[in-house]
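Report on one structure; see the data block that follows.
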Amino acid sequence: MAALVGHILKTQKHSSFIRSVTRRTIDTSFFSSLHEPTFKITPLSQVRLLGSCTEGVCGFDEMVTGKERKYYMLGGKGGVGKTSCAASLAVRFANHGHPTMVVSTDPAHSLSDSFAQDLRGGRLVPVEGVESPLYALEINPEKSMEEFRAASQKLGDGTGVKSLMQSMGLGMIADQLGDLKLEELLSTPPPGTDEIVAISKVMQFLESQEYNMFSRIVFDTAPTGHTLRLLSLPDFMDGSVGKLMKLKKKMGSAFKSLLGKEPQNDGPDKLEKLKERVEKIRDLFQDSDTTEFIIVTIPTVMAISESSRLHASLKKEKISVKRLIVNQVLPPTSDCKFCSMRRKDQMRAIEMIHNDSELGGLRLCQAPLVDMEIRGVPALKYMGDKLWR
C-alpha cells in the first residue's frame, strides 16, 4: 500500500494538502498505532475535514424534539461506518439534553474502539465528556443465547421426551410431541436468534426502574444479512417458544395424571418471559412513532445496491425508514486527478440514489470524509456536528 501511494505521488502532481494527509495517514495512523495503547482518543485538533457537508441536512431538530423515548437502529453493509454514525448520534443526543443509551448487537464489536473505552462485559458503562448521561453497552449475543438454551434444555430434547412418554404408556401424547420438532429447535437455533435474545436483554434493562430515565436508545446493528434475519425473526421465535410452551402444557397434564402433581415450573417461566419480550420487540420494530431504522451506506454502486435491497426488506417488515446516510463523501477538487476521478464515481453513485425506487424518497444525509479515524468523544462530537444537522 505504501509503495502504491509513493508511486502515485511521484507520477502525479498532487497538492501539498493531499500529500500531507496521505503521509500522516500512513505514518502516524497506521505504523505508530502498532505501538500505542488499545484505546487512543483522536484529538479533535487532529481531525481534518476532507468531504463536503454543504448538502444533506439530516433533520436532527425533528429527531431531538420531545422527551418521550425513541429508538434509532443504524444498519447497512459491513464497513460503511455504522458504528461511527451510531456513536456520533448518541453523543449528539446526550449533548442536547437526552439521557441516551447506545448498544451494539454486532458480534464483531467496534463500539469500544469508537468511544476509546472498554465496553465489554454485557453491562452499561458511563461515557464521560458529554452534557447528559450517556451509557454504552456491548452485548455478546452468543452469551445472551445461554439463557434461552438453559431454559429450553430443562424440558429435554424432543426425542428424549418422546421416548420417556412412550415408556410410561402415554404414546398418544408422545406422537403429538413428535410433531413439535423440538430436537431441531433446541440443537440448531436459526440465524439471528442470538441477536433477538440480545435485544430482549436490552428491553429487560429498560423495563427496570433504574434505567427508565433514557429517552433515546441507539442500536448499532450487525451488517445487512444479520439485520434482515433479525427483523424477520420475531414471528419465527414466537412460534418456536410457543412449541416449548405447548410441550410444557402437555408434560404438565401427563405428569399430573400420572403422579398427581404438577412438575417444577422454573424453565418454562423464563421462556414465557422471553416470548413476551419478543412480542414487544416485534411491536417496537413496527411502531413508526417510536422507532426508526436509518440505513448507512457509502457512495459506491455495490453499497447502494445493497442498501436498496435492505430498504425493500425493511418495508416488507413494516419498519419505518426515513433517512439514508451516505458516508465518506469527497469534496470537489481541481488539483488532484485521482481525487477528481473518485469524486465523479461517488457522484454517479449518489445519482443512483435519487433514481432508485426504494431509496429516492428518503432524506439524504451526507457525512464527509475525514483524514483520521473517528475515536473518542471529541472526535465523535465533531462528526456529529457535521452529520446530524
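If you're wondering about the labels, chains in the C-alpha cells are A, B, ... by order shown, residues count from 1 in each chain, ligands from 1 in order shown.
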Residues within 8 Å of Arg120 (chain A), only C-alpha atoms, excluding chain neighbours under 5 positions, as a PDB file with N, CA, C and O atoms, in the first residue's frame:
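The file below, out.pdb, is the result:
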```pdb
ATOM      1  N   SER A 112     -16.461  -0.173  21.444  1.00  0.00           N
ATOM      2  CA  SER A 112     -15.380   0.127  22.386  1.00  0.00           C
ATOM      3  C   SER A 112     -14.301   0.952  21.712  1.00  0.00           C
ATOM      4  O   SER A 112     -13.794   1.931  22.271  1.00  0.00           O
ATOM      5  N   LEU A 137     -23.090   0.048  25.728  1.00  0.00           N
ATOM      6  CA  LEU A 137     -23.174  -1.361  26.077  1.00  0.00           C
ATOM      7  C   LEU A 137     -22.860  -2.212  24.858  1.00  0.00           C
ATOM      8  O   LEU A 137     -23.417  -1.996  23.777  1.00  0.00           O
ATOM      9  N   GLU A 138     -21.940  -3.152  25.021  1.00  0.00           N
ATOM     10  CA  GLU A 138     -21.692  -4.169  24.010  1.00  0.00           C
ATOM     11  C   GLU A 138     -22.233  -5.496  24.531  1.00  0.00           C
ATOM     12  O   GLU A 138     -21.761  -6.000  25.553  1.00  0.00           O
ATOM     13  N   ILE A 139     -23.209  -6.033  23.824  1.00  0.00           N
ATOM     14  CA  ILE A 139     -23.804  -7.300  24.237  1.00  0.00           C
ATOM     15  C   ILE A 139     -23.166  -8.430  23.438  1.00  0.00           C
ATOM     16  O   ILE A 139     -23.007  -8.323  22.217  1.00  0.00           O
TER      17      ILE A 139
END
```
TODO: Give me the residues within 8 Å of Met383 (chain A) as an MDAnalysis selection string, counting only C-alpha atoms and dropping any in the same chain fewer than 5 places off.
DONE: chainID A and resid 88 367 374
- [ ] Would you list the contacts of region 387-389 of chain A as JSON, numbers by chain, taking every protein, DNA or RNA residue within 8 Å and counting only C-alpha atoms, but skipping same-chain residues closer than 2 positions in sequence?
- [x] {"A": [53, 57, 58, 59, 60, 61, 89, 92, 365, 366, 367, 368, 383, 384, 385]}
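Residue nearest Gln204 (chain A) within the list A:Glu358, A:Thr100, A:Thr291, A:Lys280: A:Lys280 [criterion: smallest interatomic distance, only C-alpha atoms].
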TODO: Select, from A:Arg216, A:Thr105, A:Gly75, A:Ile294, the residue with the minimum atom-to-atom distance to Leu362 (chain A), counting only C-alpha atoms.
DONE: A:Ile294
- [ ] Write down as a VMD selection string the residues of region 93-130 of chain A whose backbone DSSP state falls under strand (DSSP E or B).
- [x] chain A and resid 100 to 104 125 to 126
Next, dump the selected residues to file, keeping only all heavy atoms, as a short mmCIF file (atom, residue, chain, number, x, y, z; two decimals), in the first residue's frame.
```cif
data_model
loop_
_atom_site.label_atom_id
_atom_site.label_comp_id
_atom_site.auth_asym_id
_atom_site.auth_seq_id
_atom_site.Cartn_x
_atom_site.Cartn_y
_atom_site.Cartn_z
N THR A 100 -29.09 9.07 27.18
CA THR A 100 -29.03 8.21 26.00
C THR A 100 -28.30 6.91 26.30
O THR A 100 -27.35 6.87 27.06
CB THR A 100 -28.31 8.95 24.85
OG1 THR A 100 -29.00 10.17 24.57
CG2 THR A 100 -28.26 8.10 23.58
N MET A 101 -28.78 5.83 25.66
CA MET A 101 -28.09 4.54 25.70
C MET A 101 -27.75 4.15 24.27
O MET A 101 -28.59 4.22 23.39
CB MET A 101 -28.98 3.47 26.34
CG MET A 101 -28.32 2.09 26.39
SD MET A 101 -29.51 0.73 26.76
CE MET A 101 -30.06 1.20 28.40
N VAL A 102 -26.50 3.75 24.03
CA VAL A 102 -26.10 3.24 22.72
C VAL A 102 -25.64 1.80 22.91
O VAL A 102 -24.85 1.50 23.79
CB VAL A 102 -25.00 4.10 22.06
CG1 VAL A 102 -23.78 4.25 22.95
CG2 VAL A 102 -24.61 3.54 20.70
N VAL A 103 -26.19 0.91 22.08
CA VAL A 103 -25.99 -0.53 22.25
C VAL A 103 -25.50 -1.15 20.95
O VAL A 103 -26.04 -0.85 19.88
CB VAL A 103 -27.30 -1.22 22.67
CG1 VAL A 103 -27.08 -2.70 22.93
CG2 VAL A 103 -27.90 -0.55 23.89
N SER A 104 -24.50 -2.01 21.04
CA SER A 104 -24.03 -2.77 19.89
C SER A 104 -24.50 -4.21 20.02
O SER A 104 -24.24 -4.87 21.03
CB SER A 104 -22.51 -2.74 19.78
OG SER A 104 -22.06 -3.64 18.78
N VAL A 125 -21.93 1.00 30.65
CA VAL A 125 -20.74 1.74 31.05
C VAL A 125 -20.97 3.23 30.77
O VAL A 125 -21.33 3.60 29.65
CB VAL A 125 -19.49 1.26 30.26
CG1 VAL A 125 -18.26 2.07 30.67
CG2 VAL A 125 -19.26 -0.23 30.49
N PRO A 126 -20.79 4.10 31.78
CA PRO A 126 -20.97 5.53 31.54
C PRO A 126 -19.88 6.09 30.64
O PRO A 126 -18.71 5.74 30.78
CB PRO A 126 -20.90 6.14 32.95
CG PRO A 126 -20.15 5.14 33.76
CD PRO A 126 -20.45 3.80 33.18
#
```
TODO: Determine the nearest neighbour of Leu124 (chain A) from the options A:Thr83, A:Lys201, A:His96, A:Lys67, counting only C-alpha atoms.
DONE: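 Using only C-alpha atoms, the shortest distance to Leu124 (chain A) belongs to A:Lys201.
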Task: Selection: 8 Å around Glu306 (chain A), only C-alpha atoms, excl. self and same-chain fewer than 3 positions, as JSON, numbers by chain - done: {"A": [76, 77, 302, 303, 309, 310]}
TODO: One decimal, Å: what's the distance from CA of Glu68 (chain A) over to CA of Phe214 (chain A), could you say?
DONE: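 Those two atoms sit 9.1 Å apart.
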TODO: Record the distance separating CA of Ala86 (chain A) and CA of Ile353 (chain A), expressed in Å with one decimal.
DONE: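 Straight-line distance from CA of Ala86 (chain A) to CA of Ile353 (chain A) works out to 21.6 Å.
Between CA of His98 (chain A) and CA of Phe293 (chain A) the separation is 19.0 Å.
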